[in-house]
$ cat final_34.tsv   # TSV, C-alpha atoms
chain	number	residue	atom	x	y	z
A	1	MET	CA	-70.72	-68.90	136.22
A	2	GLY	CA	-68.20	-70.91	134.23
A	3	ILE	CA	-65.54	-69.96	131.72
A	4	LYS	CA	-64.56	-71.35	128.32
A	5	VAL	CA	-61.41	-73.45	128.17
A	6	LEU	CA	-59.71	-74.44	124.91
A	7	PHE	CA	-57.31	-77.38	125.13
A	8	LEU	CA	-54.50	-77.55	122.59
A	9	TYR	CA	-53.08	-81.01	121.99
A	10	PRO	CA	-49.93	-80.99	119.82
A	11	ASN	CA	-49.61	-84.50	118.38
A	12	THR	CA	-48.65	-86.20	115.13
A	13	TYR	CA	-50.35	-88.79	112.95
A	14	GLY	CA	-49.56	-92.31	114.12
A	15	MET	CA	-49.34	-91.31	117.78
A	16	ASN	CA	-52.90	-92.46	118.23
A	17	MET	CA	-53.28	-93.37	121.88
A	18	LEU	CA	-55.80	-90.99	123.44
A	19	PRO	CA	-54.41	-88.74	126.22
A	20	PRO	CA	-56.30	-89.62	129.43
A	21	ALA	CA	-55.22	-86.41	131.17
A	22	ILE	CA	-57.14	-84.13	128.79
A	23	ALA	CA	-60.21	-86.37	129.01
A	24	LEU	CA	-60.01	-86.23	132.81
A	25	PHE	CA	-59.57	-82.44	132.83
A	26	SER	CA	-62.57	-82.07	130.53
A	27	ALA	CA	-64.74	-84.11	132.90
A	28	LEU	CA	-63.54	-82.13	135.92
A	29	LEU	CA	-64.18	-78.76	134.29
A	30	LYS	CA	-67.61	-79.73	133.00
A	31	GLU	CA	-68.53	-80.83	136.53
A	32	GLU	CA	-67.62	-77.31	137.66
A	33	GLY	CA	-69.85	-75.74	135.00
A	34	HIS	CA	-67.14	-74.71	132.54
A	35	ASP	CA	-67.34	-75.05	128.76
A	36	VAL	CA	-64.60	-77.12	127.10
A	37	SER	CA	-63.30	-77.34	123.54
A	38	LEU	CA	-60.32	-79.16	122.03
A	39	PHE	CA	-58.01	-78.62	119.08
A	40	ASP	CA	-56.26	-81.94	118.41
A	41	ALA	CA	-53.47	-81.79	115.80
A	42	THR	CA	-53.25	-85.58	115.28
A	43	TYR	CA	-54.91	-85.84	111.85
A	44	TYR	CA	-53.43	-82.68	110.34
A	45	SER	CA	-50.50	-82.51	107.91
A	46	ILE	CA	-48.50	-80.22	110.13
A	47	ASP	CA	-45.04	-81.04	108.68
A	48	TYR	CA	-43.69	-82.15	112.03
A	49	GLY	CA	-42.57	-85.46	113.48
A	50	VAL	CA	-43.18	-88.93	112.05
A	51	ASN	CA	-45.98	-91.43	111.60
A	52	SER	CA	-45.10	-93.56	114.65
A	53	ASP	CA	-47.35	-96.57	113.99
A	54	GLY	CA	-46.66	-96.39	110.25
A	55	THR	CA	-42.90	-96.39	110.81
A	56	LYS	CA	-43.20	-99.45	113.05
A	57	ALA	CA	-45.06	-101.29	110.28
A	58	GLU	CA	-42.43	-100.34	107.68
A	59	ARG	CA	-39.71	-101.73	109.96
A	60	LEU	CA	-41.72	-104.90	110.62
A	61	ASN	CA	-42.02	-104.05	114.33
A	62	VAL	CA	-45.77	-104.53	114.00
A	63	VAL	CA	-48.10	-106.25	111.51
A	64	PRO	CA	-48.86	-103.90	108.56
A	65	PHE	CA	-52.31	-102.30	108.63
A	66	GLU	CA	-54.44	-99.96	106.53
A	67	THR	CA	-56.85	-97.20	107.55
A	68	GLU	CA	-58.74	-96.33	104.37
A	69	SER	CA	-61.44	-99.01	104.79
A	70	LEU	CA	-62.65	-97.24	107.93
A	71	GLY	CA	-62.43	-93.83	106.32
A	72	ILE	CA	-59.62	-92.72	108.64
A	73	LYS	CA	-57.30	-90.33	106.85
A	74	MET	CA	-55.46	-87.06	107.23
A	75	ARG	CA	-57.59	-83.92	107.16
A	76	ASP	CA	-57.50	-82.04	103.87
A	77	THR	CA	-57.97	-78.63	105.50
A	78	ASP	CA	-55.19	-76.35	106.72
A	79	TRP	CA	-54.58	-76.62	110.46
A	80	ARG	CA	-53.83	-72.91	110.70
A	81	GLU	CA	-57.19	-71.93	109.25
A	82	ASP	CA	-59.06	-74.48	111.38
A	83	LEU	CA	-57.30	-73.43	114.58
A	84	GLY	CA	-57.88	-69.77	113.80
A	85	SER	CA	-61.57	-70.37	113.08
A	86	GLN	CA	-62.02	-72.44	116.24
A	87	ILE	CA	-60.41	-69.93	118.57
A	88	GLU	CA	-62.45	-67.07	117.10
A	89	SER	CA	-65.77	-68.92	117.25
A	90	PHE	CA	-65.19	-70.44	120.70
A	91	ASP	CA	-63.59	-67.27	122.13
A	92	PRO	CA	-61.88	-68.98	125.11
A	93	ASP	CA	-61.18	-67.41	128.48
A	94	LEU	CA	-58.25	-69.80	129.02
A	95	ILE	CA	-56.03	-71.83	126.70
A	96	ALA	CA	-54.48	-74.98	128.16
A	97	LEU	CA	-51.60	-76.66	126.33
A	98	SER	CA	-50.71	-80.24	127.29
A	99	THR	CA	-47.35	-81.36	125.94
A	100	THR	CA	-44.53	-83.85	126.20
A	101	GLU	CA	-40.90	-83.05	125.35
A	102	ASP	CA	-41.05	-84.35	121.78
A	103	MET	CA	-44.23	-82.35	121.02
A	104	TRP	CA	-43.14	-79.12	122.72
A	105	HIS	CA	-41.96	-77.41	119.53
A	106	LEU	CA	-45.14	-78.39	117.74
A	107	GLY	CA	-47.08	-76.85	120.63
A	108	LEU	CA	-45.03	-73.66	120.20
A	109	LYS	CA	-45.85	-73.68	116.51
A	110	MET	CA	-49.57	-73.79	117.34
A	111	LEU	CA	-49.28	-71.06	119.97
A	112	ASP	CA	-47.23	-68.89	117.63
A	113	HIS	CA	-49.97	-69.07	115.01
A	114	ILE	CA	-52.58	-67.69	117.44
A	115	LYS	CA	-50.20	-65.50	119.48
A	116	GLU	CA	-51.56	-62.27	118.03
A	117	TYR	CA	-55.11	-63.24	118.99
A	118	ILE	CA	-53.96	-64.34	122.46
A	119	LEU	CA	-52.15	-61.07	123.15
A	120	LYS	CA	-54.92	-58.91	121.69
A	121	LYS	CA	-57.62	-60.61	123.79
A	122	LYS	CA	-55.28	-61.04	126.80
A	123	ILE	CA	-56.12	-64.73	127.04
A	124	PRO	CA	-54.08	-66.53	129.73
A	125	VAL	CA	-52.21	-69.62	128.51
A	126	LEU	CA	-51.49	-72.49	130.90
A	127	ALA	CA	-48.89	-75.06	129.82
A	128	GLY	CA	-48.78	-78.42	131.57
A	129	GLY	CA	-47.63	-81.99	131.09
A	130	VAL	CA	-44.36	-83.86	131.50
A	131	PHE	CA	-42.14	-81.33	129.72
A	132	PRO	CA	-43.46	-78.18	131.48
A	133	THR	CA	-43.21	-80.02	134.82
A	134	PHE	CA	-39.49	-80.72	134.44
A	135	ALA	CA	-38.44	-77.75	132.29
A	136	PRO	CA	-40.60	-74.88	133.59
A	137	GLU	CA	-37.77	-72.41	133.17
A	138	VAL	CA	-37.81	-73.13	129.42
A	139	VAL	CA	-41.60	-73.03	129.00
A	140	ILE	CA	-42.26	-69.86	131.02
A	141	THR	CA	-39.91	-67.81	128.80
A	142	GLN	CA	-42.29	-68.10	125.85
A	143	LYS	CA	-44.15	-64.83	125.31
A	144	ALA	CA	-47.54	-66.47	124.80
A	145	VAL	CA	-47.29	-68.64	127.95
A	146	THR	CA	-48.71	-67.05	131.11
A	147	MET	CA	-48.61	-69.98	133.53
A	148	VAL	CA	-46.79	-73.30	133.85
A	149	CYS	CA	-48.22	-76.20	135.82
A	150	ILE	CA	-45.66	-78.31	137.68
A	151	GLY	CA	-46.82	-81.74	138.77
A	152	GLU	CA	-50.45	-82.85	138.88
A	153	GLY	CA	-52.94	-80.58	137.19
A	154	GLU	CA	-56.42	-81.48	138.46
A	155	ASP	CA	-56.70	-79.20	141.49
A	156	ALA	CA	-54.56	-76.43	139.99
A	157	LEU	CA	-56.64	-76.25	136.81
A	158	VAL	CA	-59.96	-76.25	138.67
A	159	GLU	CA	-58.72	-73.50	140.99
A	160	VAL	CA	-57.44	-71.37	138.09
A	161	CYS	CA	-60.78	-71.64	136.28
A	162	HIS	CA	-62.69	-70.79	139.46
A	163	LYS	CA	-60.55	-67.70	140.03
A	164	LEU	CA	-60.81	-66.56	136.40
A	165	ALA	CA	-64.59	-67.00	136.52
A	166	ASN	CA	-64.69	-64.76	139.59
A	167	HIS	CA	-62.14	-62.25	138.24
A	168	GLU	CA	-59.67	-63.14	140.99
A	169	ASP	CA	-55.87	-63.17	140.97
A	170	VAL	CA	-54.37	-66.53	139.93
A	171	SER	CA	-50.77	-65.72	140.80
A	172	MET	CA	-50.74	-67.64	144.11
A	173	VAL	CA	-52.23	-70.94	142.88
A	174	LYS	CA	-50.09	-73.85	144.08
A	175	ASN	CA	-48.29	-75.97	141.45
A	176	LEU	CA	-48.05	-72.96	139.15
A	177	TRP	CA	-45.32	-70.65	137.95
A	178	VAL	CA	-47.11	-67.44	136.99
A	179	LYS	CA	-46.00	-64.30	135.17
A	180	LYS	CA	-47.11	-61.13	136.96
A	181	GLU	CA	-45.96	-57.56	136.45
A	182	GLY	CA	-42.71	-58.61	134.81
A	183	LYS	CA	-41.86	-61.17	137.47
A	184	ILE	CA	-42.25	-64.94	137.71
A	185	ILE	CA	-44.00	-66.17	140.84
A	186	LYS	CA	-42.97	-69.74	141.68
A	187	ASN	CA	-45.59	-71.30	143.93
A	188	LYS	CA	-45.15	-74.39	146.07
A	189	ILE	CA	-46.33	-77.90	145.17
A	190	ARG	CA	-49.71	-78.82	146.66
A	191	SER	CA	-50.54	-82.16	148.27
A	192	LEU	CA	-51.19	-85.13	146.01
A	193	ARG	CA	-54.72	-85.71	144.76
A	194	ASN	CA	-56.86	-88.65	145.80
A	195	LEU	CA	-57.33	-90.47	142.48
A	196	ASN	CA	-60.52	-92.13	143.70
A	197	ILE	CA	-62.45	-88.86	143.73
A	198	ASN	CA	-61.78	-88.15	140.05
A	199	PRO	CA	-64.77	-88.38	137.68
A	200	LEU	CA	-64.80	-90.79	134.77
A	201	PRO	CA	-62.86	-89.26	131.86
A	202	ASP	CA	-64.72	-87.40	129.12
A	203	TYR	CA	-63.59	-88.61	125.69
A	204	SER	CA	-66.54	-86.98	123.89
A	205	ILE	CA	-64.35	-83.96	123.06
A	206	PHE	CA	-62.19	-86.15	120.76
A	207	ASP	CA	-63.03	-87.12	117.21
A	208	LYS	CA	-64.47	-90.67	117.11
A	209	ASP	CA	-61.65	-91.77	114.77
A	210	ARG	CA	-59.12	-91.12	117.53
A	211	PHE	CA	-60.12	-94.34	119.30
A	212	PHE	CA	-58.67	-96.48	116.51
A	213	LYS	CA	-55.20	-97.94	116.91
A	214	PRO	CA	-53.55	-100.86	115.05
A	215	MET	CA	-53.56	-104.24	116.77
A	216	LYS	CA	-52.42	-107.43	115.00
A	217	GLY	CA	-52.81	-105.88	111.53
A	218	LYS	CA	-56.23	-104.32	111.97
A	219	LEU	CA	-57.55	-101.15	113.53
A	220	CYS	CA	-59.39	-101.59	116.81
A	221	LYS	CA	-61.03	-99.16	119.17
A	222	MET	CA	-58.64	-98.76	122.06
A	223	ALA	CA	-58.59	-96.56	125.14
A	224	PRO	CA	-56.16	-96.10	128.03
A	225	ILE	CA	-57.05	-96.57	131.69
A	226	GLU	CA	-55.04	-95.17	134.57
A	227	THR	CA	-54.97	-97.92	137.21
A	228	HIS	CA	-52.28	-96.18	139.25
A	229	ARG	CA	-50.16	-93.05	139.14
A	230	GLY	CA	-46.44	-93.28	139.70
A	231	CYS	CA	-44.11	-96.26	139.86
A	232	PRO	CA	-42.14	-98.07	142.58
A	233	PHE	CA	-39.05	-98.09	140.36
A	234	SER	CA	-36.70	-95.28	139.28
A	235	CYS	CA	-35.49	-96.29	135.80
A	236	ALA	CA	-33.06	-93.78	134.30
A	237	PHE	CA	-34.98	-93.55	131.00
A	238	CYS	CA	-38.32	-92.68	132.65
A	239	ASN	CA	-39.72	-89.59	134.39
A	240	SER	CA	-41.19	-91.58	137.30
A	241	GLY	CA	-38.10	-91.15	139.44
A	242	SER	CA	-38.19	-87.39	138.94
A	243	GLN	CA	-41.89	-87.30	139.85
A	244	LYS	CA	-41.15	-89.16	143.07
A	245	ASN	CA	-38.37	-86.72	143.91
A	246	LEU	CA	-40.55	-83.70	143.05
A	247	TYR	CA	-43.21	-84.67	145.57
A	248	ARG	CA	-40.88	-86.15	148.18
A	249	GLU	CA	-39.04	-82.83	148.29
A	250	GLY	CA	-42.11	-80.64	147.81
A	251	THR	CA	-44.67	-82.29	150.10
A	252	GLY	CA	-42.99	-85.30	151.73
A	253	GLU	CA	-45.53	-87.60	150.04
A	254	ASN	CA	-45.10	-90.79	148.02
A	255	PHE	CA	-46.15	-90.13	144.41
A	256	LEU	CA	-47.23	-93.75	143.81
A	257	ARG	CA	-51.00	-94.26	144.29
A	258	ILE	CA	-53.32	-97.06	143.19
A	259	LYS	CA	-56.97	-96.63	142.17
A	260	ASP	CA	-59.78	-98.65	143.72
A	261	VAL	CA	-60.65	-101.66	141.56
A	262	GLY	CA	-64.33	-100.69	141.56
A	263	ILE	CA	-63.56	-97.36	139.89
A	264	ILE	CA	-61.44	-99.09	137.23
A	265	TYR	CA	-64.34	-101.49	136.63
A	266	ASP	CA	-66.77	-98.57	136.18
A	267	GLU	CA	-64.40	-96.89	133.73
A	268	ILE	CA	-64.08	-100.04	131.62
A	269	ASN	CA	-67.86	-100.38	131.47
A	270	MET	CA	-68.22	-96.71	130.51
A	271	LEU	CA	-65.67	-97.02	127.68
A	272	VAL	CA	-67.39	-100.07	126.26
A	273	ALA	CA	-70.93	-98.71	126.62
A	274	ASN	CA	-70.30	-95.12	125.48
A	275	TYR	CA	-67.53	-95.53	122.90
A	276	GLY	CA	-67.58	-99.18	121.81
A	277	VAL	CA	-64.00	-99.74	122.97
A	278	GLU	CA	-62.61	-103.20	122.10
A	279	TYR	CA	-59.15	-103.09	123.71
A	280	ILE	CA	-58.12	-101.55	127.02
A	281	TYR	CA	-54.59	-100.22	127.45
A	282	PHE	CA	-53.73	-100.52	131.14
$ encode --input "final_34.tsv" --output "structure tokens"
Amino acid sequence: MGIKVLFLYPNTYGMNMLPPAIALFSALLKEEGHDVSLFDATYYSIDYGVNSDGTKAERLNVVPFETESLGIKMRDTDWREDLGSQIESFDPDLIALSTTEDMWHLGLKMLDHIKEYILKKKIPVLAGGVFPTFAPEVVITQKAVTMVCIGEGEDALVEVCHKLANHEDVSMVKNLWVKKEGKIIKNKIRSLRNLNINPLPDYSIFDKDRFFKPMKGKLCKMAPIETHRGCPFSCAFCNSGSQKNLYREGTGENFLRIKDVGIIYDEINMLVANYGVEYIYF
């Protein structure tokens, strides 16, 4: 028997590249028999952040573009009402928040709006992504957050959902910091995942307009593909060096892995056939 998982994706208009991690998690959970839903903040007027692509056009970093001809525009409904309605109708067993550093406060804003419902229903909240990985001590202090995922999330998320479905304790799941009885349990990092066993990502949970991104002055359907995970370099401005250190110290493994070309080929074909993708972002 599966559970219901609601993904929260804090994001602002103009940051239009689809997040492959959430699409991958959706595919993994559906394979395991779980039900998945998504609240994506991208097209809401949430009074936070900037229009990234729009700002680039204003500064002549990219060719100006317009979205109205394709009917792509900001939603005219209130994000608070829509999020509240979705969480009540879907009634999740787990809420998973995926966030980067610049979207962390927006994620908190979303969690704060549904905090009363979360606490009343005792819904566990799992926060993951780049920021929770490298600032878990900040994320775990939030009242609404129950668990923080450090490092890769595939195996940890699947194990958490399996345990919740079977009413088992999740406090000892590797890669997680977990609140339990007033304490924070800090579990060890698990071994790296074999990327070649991952299913093809599930982008069906995203609105179809989310595929569009400006390219040379017009909007094209674009999707990202993960050809490898990690990097051989350790640039100071990037998190790759920290990821390498995290796993070198935690498991003794090299974080850099490369996918089989055949799997990349299958993913490209799937994106073109299922979603009409025109550009691939490698």
$ atom_distance --input "final_34.tsv" --atom1 "atom CA of His228 of chain A" --atom2 "atom CA of Lys259 of chain A"
5.5 Å
$ closest_residue --input "final_34.tsv" --among "A:Glu168, A:Asp91, A:Lys188, A:Asp207" --to "Arg75 of chain A" --atoms "only C-alpha atoms"
A:Asp207
$ residues_around --input "final_34.tsv" --residues "Val261 of chain A" --least-positions-apart "2" --cutoff "12 Å" --atoms "all atoms listed in the file" --output "NGL selection string"
:A and (195-196 or 225-228 or 258-259 or 263-268)
$ atom_distance --input "final_34.tsv" --atom1 "atom CA of Val160 of chain A" --atom2 "atom CA of Ala223 of chain A"
28.3 Å
$ closest_residue --input "final_34.tsv" --among "A:Val36, A:Leu106, A:Val138, A:Val173" --to "Ile189 of chain A" --atoms "only C-alpha atoms"
A:Val173
$ residues_around --input "final_34.tsv" --residues "Lys163 of chain A" --least-positions-apart "6" --cutoff "12 Å" --atoms "only C-alpha atoms" --output "list of chain:residue names"
A:Met1, A:Gly2, A:Ile3, A:Asp93, A:Leu94, A:Ala156, A:Leu157, A:Asp169, A:Val170, A:Ser171, A:Met172, A:Val173
$ atom_distance --input "final_34.tsv" --atom1 "atom CA of Leu126 of chain A" --atom2 "atom CA of Val145 of chain A"
6.4 Å
$ residues_around --input "final_34.tsv" --residues "Lys186 of chain A" --least-positions-apart "3" --cutoff "8 Å" --atoms "all atoms listed in the file" --output "mmCIF file with C-alpha atoms, keeping the file's coordinate frame"
data_model
loop_
_atom_site.group_PDB
_atom_site.id
_atom_site.type_symbol
_atom_site.label_atom_id
_atom_site.label_comp_id
_atom_site.auth_asym_id
_atom_site.auth_seq_id
_atom_site.Cartn_x
_atom_site.Cartn_y
_atom_site.Cartn_z
ATOM 1 C CA LEU A 176 -48.050 -72.960 139.150
ATOM 2 C CA TRP A 177 -45.320 -70.650 137.950
ATOM 3 C CA VAL A 178 -47.110 -67.440 136.990
#
